[in-house]
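data_24.cif (mmCIF, C-alpha atoms) appears below.
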```
data_data
loop_
_atom_site.group_PDB
_atom_site.id
_atom_site.type_symbol
_atom_site.label_atom_id
_atom_site.label_comp_id
_atom_site.auth_asym_id
_atom_site.auth_seq_id
_atom_site.Cartn_x
_atom_site.Cartn_y
_atom_site.Cartn_z
ATOM 1 C CA MET A 1 -36.142 -38.140 -1.510
ATOM 2 C CA ASP A 2 -36.145 -34.421 -0.735
ATOM 3 C CA GLY A 3 -39.074 -33.452 1.481
ATOM 4 C CA TRP A 4 -40.049 -37.096 2.048
ATOM 5 C CA PRO A 5 -40.990 -36.830 5.766
ATOM 6 C CA GLU A 6 -43.015 -33.641 5.255
ATOM 7 C CA ASP A 7 -44.714 -35.022 2.157
ATOM 8 C CA ARG A 8 -45.618 -38.171 4.084
ATOM 9 C CA ARG A 9 -47.141 -36.081 6.902
ATOM 10 C CA TYR A 10 -49.187 -34.176 4.336
ATOM 11 C CA LEU A 11 -50.387 -37.332 2.615
ATOM 12 C CA PHE A 12 -51.358 -38.921 5.930
ATOM 13 C CA ALA A 13 -53.312 -35.763 6.831
ATOM 14 C CA VAL A 14 -55.277 -36.079 3.580
ATOM 15 C CA ALA A 15 -55.818 -39.835 3.862
ATOM 16 C CA TYR A 16 -56.901 -39.768 7.509
ATOM 17 C CA ARG A 17 -59.622 -37.203 6.794
ATOM 18 C CA LEU A 18 -60.799 -39.293 3.855
ATOM 19 C CA LEU A 19 -60.856 -42.600 5.758
ATOM 20 C CA GLY A 20 -61.092 -41.838 9.496
ATOM 21 C CA SER A 21 -58.677 -44.682 10.188
ATOM 22 C CA ALA A 22 -54.998 -44.225 10.971
ATOM 23 C CA ALA A 23 -54.094 -47.730 9.810
ATOM 24 C CA ASP A 24 -55.997 -47.407 6.534
ATOM 25 C CA ALA A 25 -54.481 -43.964 5.960
ATOM 26 C CA GLU A 26 -50.975 -45.356 6.456
ATOM 27 C CA ASP A 27 -51.743 -48.185 4.025
ATOM 28 C CA ALA A 28 -52.943 -45.708 1.392
ATOM 29 C CA VAL A 29 -49.829 -43.575 1.773
ATOM 30 C CA GLN A 30 -47.551 -46.611 1.598
ATOM 31 C CA GLU A 31 -49.272 -47.838 -1.565
ATOM 32 C CA ALA A 32 -48.813 -44.408 -3.165
ATOM 33 C CA TYR A 33 -45.068 -44.515 -2.483
ATOM 34 C CA VAL A 34 -44.869 -48.003 -3.981
ATOM 35 C CA ARG A 35 -46.438 -46.633 -7.163
ATOM 36 C CA LEU A 36 -44.078 -43.658 -7.113
ATOM 37 C CA GLN A 37 -41.156 -46.039 -7.624
ATOM 38 C CA LYS A 38 -42.476 -46.723 -11.129
ATOM 39 C CA ALA A 39 -43.090 -43.061 -11.992
ATOM 40 C CA ALA A 40 -41.029 -39.904 -12.318
ATOM 41 C CA PRO A 41 -43.435 -36.994 -11.794
ATOM 42 C CA ASP A 42 -42.242 -33.404 -12.029
ATOM 43 C CA ASN A 43 -44.116 -32.543 -8.815
ATOM 44 C CA PRO A 44 -43.972 -35.579 -6.503
ATOM 45 C CA ARG A 45 -46.236 -34.137 -3.773
ATOM 46 C CA ALA A 46 -48.983 -33.181 -6.226
ATOM 47 C CA TRP A 47 -48.697 -36.569 -7.929
ATOM 48 C CA LEU A 48 -48.740 -38.435 -4.628
ATOM 49 C CA THR A 49 -51.723 -36.415 -3.389
ATOM 50 C CA THR A 50 -53.694 -37.381 -6.476
ATOM 51 C CA VAL A 51 -52.721 -41.035 -6.150
ATOM 52 C CA VAL A 52 -53.450 -41.210 -2.404
ATOM 53 C CA SER A 53 -56.826 -39.575 -2.947
ATOM 54 C CA ARG A 54 -57.734 -42.055 -5.683
ATOM 55 C CA ILE A 55 -56.654 -44.969 -3.482
ATOM 56 C CA CYS A 56 -58.802 -43.618 -0.646
ATOM 57 C CA LEU A 57 -61.713 -43.119 -3.044
ATOM 58 C CA ASP A 58 -61.489 -46.818 -3.910
ATOM 59 C CA MET A 59 -61.187 -47.796 -0.232
ATOM 60 C CA LEU A 60 -64.213 -45.788 0.904
ATOM 61 C CA GLY A 61 -66.712 -48.219 -0.595
ATOM 62 C CA SER A 62 -65.366 -51.228 1.296
ATOM 63 C CA ALA A 63 -64.885 -49.155 4.451
ATOM 64 C CA ARG A 64 -68.542 -48.161 4.403
ATOM 65 C CA ALA A 65 -69.578 -51.794 4.033
ATOM 66 C CA ARG A 66 -67.456 -52.769 7.050
ATOM 67 C CA ARG A 67 -68.909 -49.968 9.162
ATOM 68 C CA GLU A 68 -72.460 -50.971 8.341
ATOM 69 C CA ASN A 69 -71.710 -54.209 10.200
ATOM 70 C CA TYR A 70 -69.786 -52.496 12.994
ATOM 71 C CA VAL A 71 -70.943 -53.352 16.513
ATOM 72 C CA GLY A 72 -72.193 -50.199 18.236
ATOM 73 C CA THR A 73 -71.145 -46.660 17.398
ATOM 74 C CA TRP A 74 -68.211 -46.258 15.023
ATOM 75 C CA LEU A 75 -65.815 -43.423 15.857
ATOM 76 C CA PRO A 76 -62.696 -42.367 13.955
ATOM 77 C CA ASP A 77 -59.333 -43.340 15.391
ATOM 78 C CA PRO A 78 -58.327 -40.882 18.136
ATOM 79 C CA LEU A 79 -54.968 -39.362 17.220
ATOM 80 C CA VAL A 80 -53.305 -38.470 20.509
ATOM 81 C CA GLY A 81 -50.876 -35.570 20.294
ATOM 82 C CA TYR A 82 -51.727 -34.961 16.646
ATOM 83 C CA ASP A 83 -51.413 -31.520 15.088
ATOM 84 C CA ASP A 84 -51.085 -30.946 11.341
ATOM 85 C CA THR A 85 -52.232 -27.322 11.248
ATOM 86 C CA ASP A 86 -48.827 -26.246 9.925
ATOM 87 C CA LEU A 87 -49.617 -27.968 6.612
ATOM 88 C CA GLY A 88 -52.124 -25.393 5.375
ATOM 89 C CA ASP A 89 -54.934 -23.199 6.622
ATOM 90 C CA ALA A 90 -54.892 -23.929 10.360
ATOM 91 C CA VAL A 91 -58.589 -23.240 10.944
ATOM 92 C CA ALA A 92 -59.746 -25.406 8.027
ATOM 93 C CA LEU A 93 -57.415 -28.252 8.984
ATOM 94 C CA ARG A 94 -58.332 -28.167 12.672
ATOM 95 C CA ASP A 95 -62.067 -28.083 11.906
ATOM 96 C CA SER A 96 -61.975 -30.888 9.348
ATOM 97 C CA VAL A 97 -60.379 -33.357 11.769
ATOM 98 C CA ARG A 98 -63.074 -32.942 14.447
ATOM 99 C CA THR A 99 -64.964 -36.115 15.300
ATOM 100 C CA ALA A 100 -68.293 -34.402 14.568
ATOM 101 C CA VAL A 101 -67.117 -33.471 11.071
ATOM 102 C CA LEU A 102 -65.621 -36.899 10.366
ATOM 103 C CA LEU A 103 -68.920 -38.504 11.372
ATOM 104 C CA VAL A 104 -70.822 -36.278 8.951
ATOM 105 C CA LEU A 105 -68.311 -37.156 6.231
ATOM 106 C CA GLU A 106 -69.238 -40.802 6.795
ATOM 107 C CA THR A 107 -72.736 -39.987 5.503
ATOM 108 C CA LEU A 108 -71.508 -38.451 2.228
ATOM 109 C CA SER A 109 -70.879 -40.244 -1.016
ATOM 110 C CA PRO A 110 -67.193 -41.063 -1.589
ATOM 111 C CA ALA A 111 -66.942 -38.396 -4.306
ATOM 112 C CA GLU A 112 -68.529 -35.755 -2.039
ATOM 113 C CA ARG A 113 -66.166 -36.631 0.782
ATOM 114 C CA VAL A 114 -63.097 -36.401 -1.449
ATOM 115 C CA ALA A 115 -64.291 -33.102 -2.914
ATOM 116 C CA PHE A 116 -64.903 -31.573 0.510
ATOM 117 C CA VAL A 117 -61.617 -32.709 2.045
ATOM 118 C CA LEU A 118 -59.399 -31.810 -0.883
ATOM 119 C CA HIS A 119 -61.046 -28.465 -1.663
ATOM 120 C CA ASP A 120 -62.278 -27.144 1.679
ATOM 121 C CA ALA A 121 -59.552 -28.518 3.935
ATOM 122 C CA PHE A 122 -56.548 -28.540 1.617
ATOM 123 C CA GLY A 123 -57.445 -25.878 -0.929
ATOM 124 C CA MET A 124 -57.180 -28.017 -4.072
ATOM 125 C CA ASP A 125 -58.645 -26.221 -7.089
ATOM 126 C CA PHE A 126 -61.492 -27.810 -9.011
ATOM 127 C CA GLU A 127 -59.405 -28.481 -12.114
ATOM 128 C CA ARG A 128 -57.021 -30.713 -10.151
ATOM 129 C CA LEU A 129 -59.902 -32.191 -8.189
ATOM 130 C CA ALA A 130 -61.582 -33.185 -11.452
ATOM 131 C CA ALA A 131 -58.603 -35.402 -12.262
ATOM 132 C CA VAL A 132 -58.951 -37.153 -8.898
ATOM 133 C CA VAL A 133 -62.665 -37.983 -8.952
ATOM 134 C CA GLY A 134 -63.118 -38.298 -12.707
ATOM 135 C CA ARG A 135 -65.710 -35.526 -12.992
ATOM 136 C CA THR A 136 -65.760 -32.106 -14.640
ATOM 137 C CA PRO A 137 -64.571 -29.110 -12.613
ATOM 138 C CA GLU A 138 -68.143 -27.810 -12.440
ATOM 139 C CA ALA A 139 -69.385 -31.178 -11.179
ATOM 140 C CA CYS A 140 -66.647 -31.109 -8.536
ATOM 141 C CA ARG A 141 -67.748 -27.647 -7.495
ATOM 142 C CA GLN A 142 -71.271 -28.993 -6.966
ATOM 143 C CA LEU A 143 -69.962 -32.005 -5.034
ATOM 144 C CA ALA A 144 -68.011 -29.758 -2.678
ATOM 145 C CA SER A 145 -70.966 -27.403 -2.258
ATOM 146 C CA ARG A 146 -73.358 -30.230 -1.344
ATOM 147 C CA ALA A 147 -70.849 -31.688 1.079
ATOM 148 C CA ARG A 148 -70.218 -28.290 2.686
ATOM 149 C CA ARG A 149 -73.930 -27.781 3.302
ATOM 150 C CA ARG A 150 -74.199 -31.226 4.907
ATOM 151 C CA VAL A 151 -71.196 -30.587 7.134
ATOM 152 C CA ARG A 152 -72.459 -27.182 8.256
ATOM 153 C CA ALA A 153 -75.868 -28.636 9.081
ATOM 154 C CA GLY A 154 -74.500 -31.674 10.909
ATOM 155 C CA ALA A 155 -71.420 -30.208 12.597
ATOM 156 C CA PRO A 156 -71.695 -26.451 13.211
ATOM 157 C CA ALA A 157 -68.439 -24.522 13.162
ATOM 158 C CA ARG A 158 -66.450 -24.715 16.373
ATOM 159 C CA THR A 159 -66.022 -21.512 18.329
ATOM 160 C CA SER A 160 -62.658 -20.548 19.755
ATOM 161 C CA VAL A 161 -62.058 -21.796 23.287
ATOM 162 C CA SER A 162 -60.011 -19.854 25.819
ATOM 163 C CA ARG A 163 -57.325 -21.374 27.991
ATOM 164 C CA ALA A 164 -59.497 -20.676 31.041
ATOM 165 C CA GLU A 165 -62.371 -22.695 29.517
ATOM 166 C CA HIS A 166 -60.007 -25.574 28.807
ATOM 167 C CA GLN A 167 -58.721 -25.420 32.368
ATOM 168 C CA ARG A 168 -62.230 -25.547 33.826
ATOM 169 C CA VAL A 169 -62.883 -28.761 31.917
ATOM 170 C CA LEU A 170 -59.562 -30.262 32.999
ATOM 171 C CA ASP A 171 -60.274 -29.411 36.636
ATOM 172 C CA ALA A 172 -63.816 -30.797 36.462
ATOM 173 C CA PHE A 173 -62.659 -34.125 35.037
ATOM 174 C CA ALA A 174 -59.817 -34.291 37.542
ATOM 175 C CA ALA A 175 -62.226 -33.851 40.440
ATOM 176 C CA ALA A 176 -64.665 -36.389 39.017
ATOM 177 C CA SER A 177 -61.994 -39.022 38.413
ATOM 178 C CA VAL A 178 -60.397 -38.650 41.846
ATOM 179 C CA ASP A 179 -63.401 -38.507 44.177
ATOM 180 C CA GLY A 180 -66.438 -39.021 41.940
ATOM 181 C CA ASP A 181 -67.542 -35.397 42.383
ATOM 182 C CA LEU A 182 -69.622 -34.642 39.296
ATOM 183 C CA SER A 183 -70.953 -31.272 40.423
ATOM 184 C CA GLU A 184 -68.585 -29.084 38.450
ATOM 185 C CA LEU A 185 -68.593 -31.411 35.450
ATOM 186 C CA VAL A 186 -72.393 -31.512 35.289
ATOM 187 C CA GLY A 187 -72.459 -27.722 35.384
ATOM 188 C CA LEU A 188 -70.371 -27.665 32.202
ATOM 189 C CA LEU A 189 -72.682 -29.922 30.173
ATOM 190 C CA ASP A 190 -74.475 -28.145 27.350
ATOM 191 C CA PRO A 191 -78.194 -28.949 26.899
ATOM 192 C CA ARG A 192 -77.240 -30.404 23.485
ATOM 193 C CA VAL A 193 -74.474 -32.625 24.892
ATOM 194 C CA VAL A 194 -73.967 -36.041 23.309
ATOM 195 C CA PHE A 195 -71.835 -38.915 24.566
ATOM 196 C CA ARG A 196 -70.610 -41.458 22.005
ATOM 197 C CA SER A 197 -68.592 -44.532 22.877
ATOM 198 C CA ASP A 198 -66.858 -47.024 20.602
ATOM 199 C CA GLY A 199 -65.988 -50.442 21.963
ATOM 200 C CA GLY A 200 -66.044 -52.225 18.626
ATOM 201 C CA GLY A 201 -67.938 -55.143 20.151
ATOM 202 C CA THR A 202 -64.866 -56.206 22.149
ATOM 203 C CA VAL A 203 -65.128 -53.825 25.128
ATOM 204 C CA PRO A 204 -68.400 -52.812 26.852
ATOM 205 C CA ALA A 205 -69.668 -49.494 25.506
ATOM 206 C CA ALA A 206 -72.997 -47.794 24.889
ATOM 207 C CA ARG A 207 -74.310 -49.087 21.557
ATOM 208 C CA VAL A 208 -75.991 -45.783 20.611
ATOM 209 C CA PRO A 209 -75.156 -42.134 21.353
ATOM 210 C CA VAL A 210 -76.518 -40.773 24.637
ATOM 211 C CA HIS A 211 -78.082 -37.301 24.537
ATOM 212 C CA GLY A 212 -78.873 -34.704 27.188
ATOM 213 C CA PRO A 213 -77.221 -33.681 30.478
ATOM 214 C CA ALA A 214 -79.203 -36.040 32.726
ATOM 215 C CA ARG A 215 -78.493 -39.176 30.690
ATOM 216 C CA VAL A 216 -74.874 -38.195 30.086
ATOM 217 C CA GLN A 217 -74.412 -37.552 33.812
ATOM 218 C CA ALA A 218 -75.733 -41.031 34.606
ATOM 219 C CA LEU A 219 -73.461 -42.597 32.003
ATOM 220 C CA VAL A 220 -70.369 -40.725 33.221
ATOM 221 C CA SER A 221 -71.171 -41.725 36.810
ATOM 222 C CA GLY A 222 -71.327 -45.366 35.760
ATOM 223 C CA LEU A 223 -68.064 -45.103 33.842
ATOM 224 C CA LEU A 224 -66.313 -43.590 36.849
ATOM 225 C CA ARG A 225 -67.359 -46.596 38.903
ATOM 226 C CA ARG A 226 -66.287 -49.042 36.188
ATOM 227 C CA TYR A 227 -62.920 -47.344 35.738
ATOM 228 C CA ALA A 228 -62.281 -46.637 39.428
ATOM 229 C CA GLY A 229 -58.566 -46.082 39.943
ATOM 230 C CA VAL A 230 -57.913 -45.313 36.277
ATOM 231 C CA ARG A 231 -55.967 -42.101 35.659
ATOM 232 C CA LEU A 232 -57.326 -39.458 33.278
ATOM 233 C CA LEU A 233 -54.309 -37.811 31.692
ATOM 234 C CA PRO A 234 -54.936 -34.588 29.711
ATOM 235 C CA VAL A 235 -53.706 -34.944 26.123
ATOM 236 C CA PRO A 236 -54.304 -33.127 22.843
ATOM 237 C CA VAL A 237 -56.448 -35.257 20.538
ATOM 238 C CA ALA A 238 -56.292 -34.311 16.851
ATOM 239 C CA GLY A 239 -55.798 -30.666 17.779
ATOM 240 C CA GLY A 240 -58.578 -30.667 20.389
ATOM 241 C CA LEU A 241 -58.947 -31.443 24.075
ATOM 242 C CA GLY A 242 -58.909 -34.977 25.391
ATOM 243 C CA PHE A 243 -57.888 -37.460 28.037
ATOM 244 C CA ARG A 244 -56.049 -40.749 27.948
ATOM 245 C CA LEU A 245 -57.466 -43.402 30.298
ATOM 246 C CA SER A 246 -54.372 -44.993 31.762
ATOM 247 C CA SER A 247 -53.842 -47.788 34.265
ATOM 248 C CA ASP A 248 -51.076 -50.059 35.512
ATOM 249 C CA ASP A 249 -51.146 -53.829 35.072
ATOM 250 C CA ALA A 250 -49.741 -55.124 38.340
ATOM 251 C CA GLU A 251 -49.759 -58.767 37.216
ATOM 252 C CA LEU A 252 -47.718 -58.022 34.102
ATOM 253 C CA GLY A 253 -45.690 -55.247 35.697
ATOM 254 C CA VAL A 254 -46.672 -52.851 32.934
ATOM 255 C CA LEU A 255 -47.100 -49.150 33.655
ATOM 256 C CA GLY A 256 -49.397 -46.765 31.830
ATOM 257 C CA VAL A 257 -51.620 -49.221 29.937
ATOM 258 C CA GLU A 258 -53.914 -47.255 27.647
ATOM 259 C CA LEU A 259 -57.546 -48.268 28.191
ATOM 260 C CA GLY A 260 -59.220 -45.562 26.147
ATOM 261 C CA VAL A 261 -59.159 -42.035 24.797
ATOM 262 C CA LEU A 262 -61.847 -39.480 25.574
ATOM 263 C CA GLY A 263 -62.232 -36.539 23.218
ATOM 264 C CA VAL A 264 -64.030 -33.424 24.471
ATOM 265 C CA GLU A 265 -65.686 -30.808 22.260
ATOM 266 C CA LEU A 266 -66.447 -27.394 23.730
ATOM 267 C CA ALA A 267 -68.712 -24.595 22.542
ATOM 268 C CA GLU A 268 -69.115 -21.320 24.399
ATOM 269 C CA GLY A 269 -67.499 -22.744 27.510
ATOM 270 C CA ARG A 270 -69.708 -25.846 27.697
ATOM 271 C CA ILE A 271 -69.205 -29.480 26.762
ATOM 272 C CA VAL A 272 -71.199 -30.385 23.660
ATOM 273 C CA GLU A 273 -69.538 -33.706 22.799
ATOM 274 C CA LEU A 274 -67.806 -36.515 24.646
ATOM 275 C CA ASN A 275 -66.322 -39.192 22.384
ATOM 276 C CA LEU A 276 -64.871 -42.225 24.140
ATOM 277 C CA VAL A 277 -62.891 -44.825 22.202
ATOM 278 C CA VAL A 278 -62.143 -48.023 24.136
ATOM 279 C CA ASN A 279 -61.858 -50.376 21.146
ATOM 280 C CA PRO A 280 -58.324 -51.789 21.624
ATOM 281 C CA ALA A 281 -57.788 -51.904 17.854
ATOM 282 C CA LYS A 282 -58.051 -48.103 17.706
ATOM 283 C CA LEU A 283 -55.751 -47.255 20.606
ATOM 284 C CA GLY A 284 -52.046 -46.599 20.667
ATOM 285 C CA THR A 285 -52.119 -43.962 17.889
ATOM 286 C CA ASP A 286 -49.878 -41.459 19.687
ATOM 287 C CA ARG A 287 -48.581 -39.148 16.965
ATOM 288 C CA SER A 288 -46.972 -36.489 19.152
ATOM 289 C CA LEU A 289 -43.471 -37.457 18.029
#
```
Can you dump the structure from the file as structure tokens?
Amino acid sequence: MDGWPEDRRYLFAVAYRLLGSAADAEDAVQEAYVRLQKAAPDNPRAWLTTVVSRICLDMLGSARARRENYVGTWLPDPLVGYDDTDLGDAVALRDSVRTAVLLVLETLSPAERVAFVLHDAFGMDFERLAAVVGRTPEACRQLASRARRRVRAGAPARTSVSRAEHQRVLDAFAAASVDGDLSELVGLLDPRVVFRSDGGGTVPAARVPVHGPARVQALVSGLLRRYAGVRLLPVPVAGGLGFRLSSDDAELGVLGVELGVLGVELAEGRIVELNLVVNPAKLGTDRSL
């Protein structure tokens, strides 16, 4: 099918923002293509987008129920090497895939989440959106407006970060991971900093978010001791800055075992968020290829 790989990338980008799970997003996209085999739409991408969005809308209810029983803090799957900003408005797409935004989207109703993602991130007009959520265009406009207010209140817009600011963070983490020197890293922590960790109940992790420089410093110090000898490799994570926690398994003779992914959010040159995913079920989502 003409445009199949690019259409699939686009559909995954939509589904991931709606579900926060790479595996669930892939399932939704696959189901849409199965349904396409029984249809002959004039505009396959538009048709598939509608179908994927409806599938995700149905999945959101059960996903919320699962996450209510989740052990500890739930974080979206970290997409290492992921960049889909060529699929539309780069700023809107980059902002809507931030962990802070995806966590706010978890608090919205399914219809509000779909309205926000499709309209604000992907520019779908309210007439088409109405066909997805089964509401009037005016009702969809209100859904998107409510969702936008919630997102702005819960996840303020990200400011642009210079290469020098990125490099300072990379250097600080490098120093901390090699010799345990936290001095430069602590100096980069914003007063509002929050550290979230997701172990899914299978790997030790803080059960609730940790706030404030002093508490975050203590937590990072403990993690450095726990993961002594683990390499922190700089990687892009869903368009942002991050690190892959990598180690070698001498007994199995395996090199570069991924133990976790740490996402870092910066604002005005300081670290405002650290999001660590060590749940094995969420690792291995390298989408740089």
Practice item. Using all atoms listed in the file, determine which residues lie at most 9 Å from A:Arg128, disregarding the query and same-chain residues fewer than 3 positions distant; provide the list as number ranges by chain. Key: A: 50, 124-125, 131-132, 137
Check your understanding: Can you list, as a PyMOL selection string, every protein, DNA or RNA residue that comes within 7 Å of stretch 94-110 of chain A when you count all atoms listed in the file, leaving out same-chain residues fewer than 6 positions away?
Key -> chain A and resi 17+20+57+60+76+85+121+147+151+154-155+238-239
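Minimum atom-to-atom distances from A:Asp27, A:Asp86, A:Asp181, A:Glu165 to A:Arg225 were compared using all atoms listed in the file, and the lowest value belongs to A:Asp181.
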Review point. For A:Asp7, which of A:Ala46, A:Val257, A:Leu129, A:Ala28 is the closest residue, counting all atoms listed in the file?
Key: A:Ala46
Residue by residue, what does the PyMOL selection byres ((chain A and resi 32) around 12) grab here? Present the result as a short mmCIF file (atom, residue, chain, number, x, y, z; two decimals) with C-alpha atoms, in the coordinates of the input.
```cif
data_model
loop_
_atom_site.label_atom_id
_atom_site.label_comp_id
_atom_site.auth_asym_id
_atom_site.auth_seq_id
_atom_site.Cartn_x
_atom_site.Cartn_y
_atom_site.Cartn_z
CA ASP A 7 -44.71 -35.02 2.16
CA ARG A 8 -45.62 -38.17 4.08
CA LEU A 11 -50.39 -37.33 2.62
CA PHE A 12 -51.36 -38.92 5.93
CA ALA A 15 -55.82 -39.84 3.86
CA ALA A 25 -54.48 -43.96 5.96
CA GLU A 26 -50.98 -45.36 6.46
CA ASP A 27 -51.74 -48.18 4.03
CA ALA A 28 -52.94 -45.71 1.39
CA VAL A 29 -49.83 -43.58 1.77
CA GLN A 30 -47.55 -46.61 1.60
CA GLU A 31 -49.27 -47.84 -1.56
CA TYR A 33 -45.07 -44.52 -2.48
CA VAL A 34 -44.87 -48.00 -3.98
CA ARG A 35 -46.44 -46.63 -7.16
CA LEU A 36 -44.08 -43.66 -7.11
CA GLN A 37 -41.16 -46.04 -7.62
CA LYS A 38 -42.48 -46.72 -11.13
CA ALA A 39 -43.09 -43.06 -11.99
CA PRO A 44 -43.97 -35.58 -6.50
CA ARG A 45 -46.24 -34.14 -3.77
CA ALA A 46 -48.98 -33.18 -6.23
CA TRP A 47 -48.70 -36.57 -7.93
CA LEU A 48 -48.74 -38.44 -4.63
CA THR A 49 -51.72 -36.42 -3.39
CA THR A 50 -53.69 -37.38 -6.48
CA VAL A 51 -52.72 -41.04 -6.15
CA VAL A 52 -53.45 -41.21 -2.40
CA SER A 53 -56.83 -39.58 -2.95
CA ARG A 54 -57.73 -42.06 -5.68
CA ILE A 55 -56.65 -44.97 -3.48
CA CYS A 56 -58.80 -43.62 -0.65
#
```
**Study point:** Residues within 10 Å of A:Ala174, only C-alpha atoms, excluding chain neighbours under 3 positions, as a count of residues only
**Key:** 15
**Study point:** Separation of atom CA of A:Leu18 from atom CA of A:Gly134 in Å
**Key:**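 We find that atom CA of A:Gly134 and atom CA of A:Leu18 lie 16.8 Å from each other.
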Review point. Quick one: of A:Leu188, A:Val161, A:Val208, A:Leu75, who's nearest to A:Asn275, counting all atoms listed in the file?
Key: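 Smallest separation from A:Asn275 among the options: A:Leu75.
Across the model, the gap from atom CA of A:Asp89 to atom CA of A:Pro5 is 19.5 Å.
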Review point. By how many Å are atom CA of A:Ser21 and atom CA of A:Gly222 apart?
Key: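 Spanning atom CA of A:Ser21 to atom CA of A:Gly222 is a straight-line distance of 28.5 Å.
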**Study point:** Resolved residues for the PyMOL selection byres ((chain A and resi 266) around 12) as JSON, numbers by chain
**Key:** {"A": [98, 100, 156, 157, 158, 159, 160, 161, 162, 163, 165, 166, 167, 168, 169, 170, 188, 189, 190, 192, 193, 194, 240, 241, 242, 263, 264, 265, 267, 268, 269, 270, 271, 272, 273, 274, 275]}
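Using only C-alpha atoms, the set of residues no farther than 9 Å from the position (-58.2, -49.2, 21.9) comprises Asp77, Gly199, Val203, Glu258, Leu259, Gly260, Val261, Val277, Val278, Asn279, Pro280, Ala281, Lys282, Leu283, Gly284 and Thr285 of chain A.
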**Study point:** Which residue of A:His119, A:Glu112, A:Asp198, A:Ala13 approaches A:Arg67 most closely, using all atoms listed in the file
**Key:** A:Asp198
Review point. Between A:Ala22, A:Leu262, A:Val114, A:Val216, which is the closest to A:Cys140 once you count only C-alpha atoms?
Key: A:Val114
Exercise for review: Give me the residues within 10 Å of A:Leu87 as a ChimeraX atom specification, counting all atoms listed in the file and dropping any in the same chain fewer than 6 places off.
Suggested key: /A:6-7,9-10,13,93,122
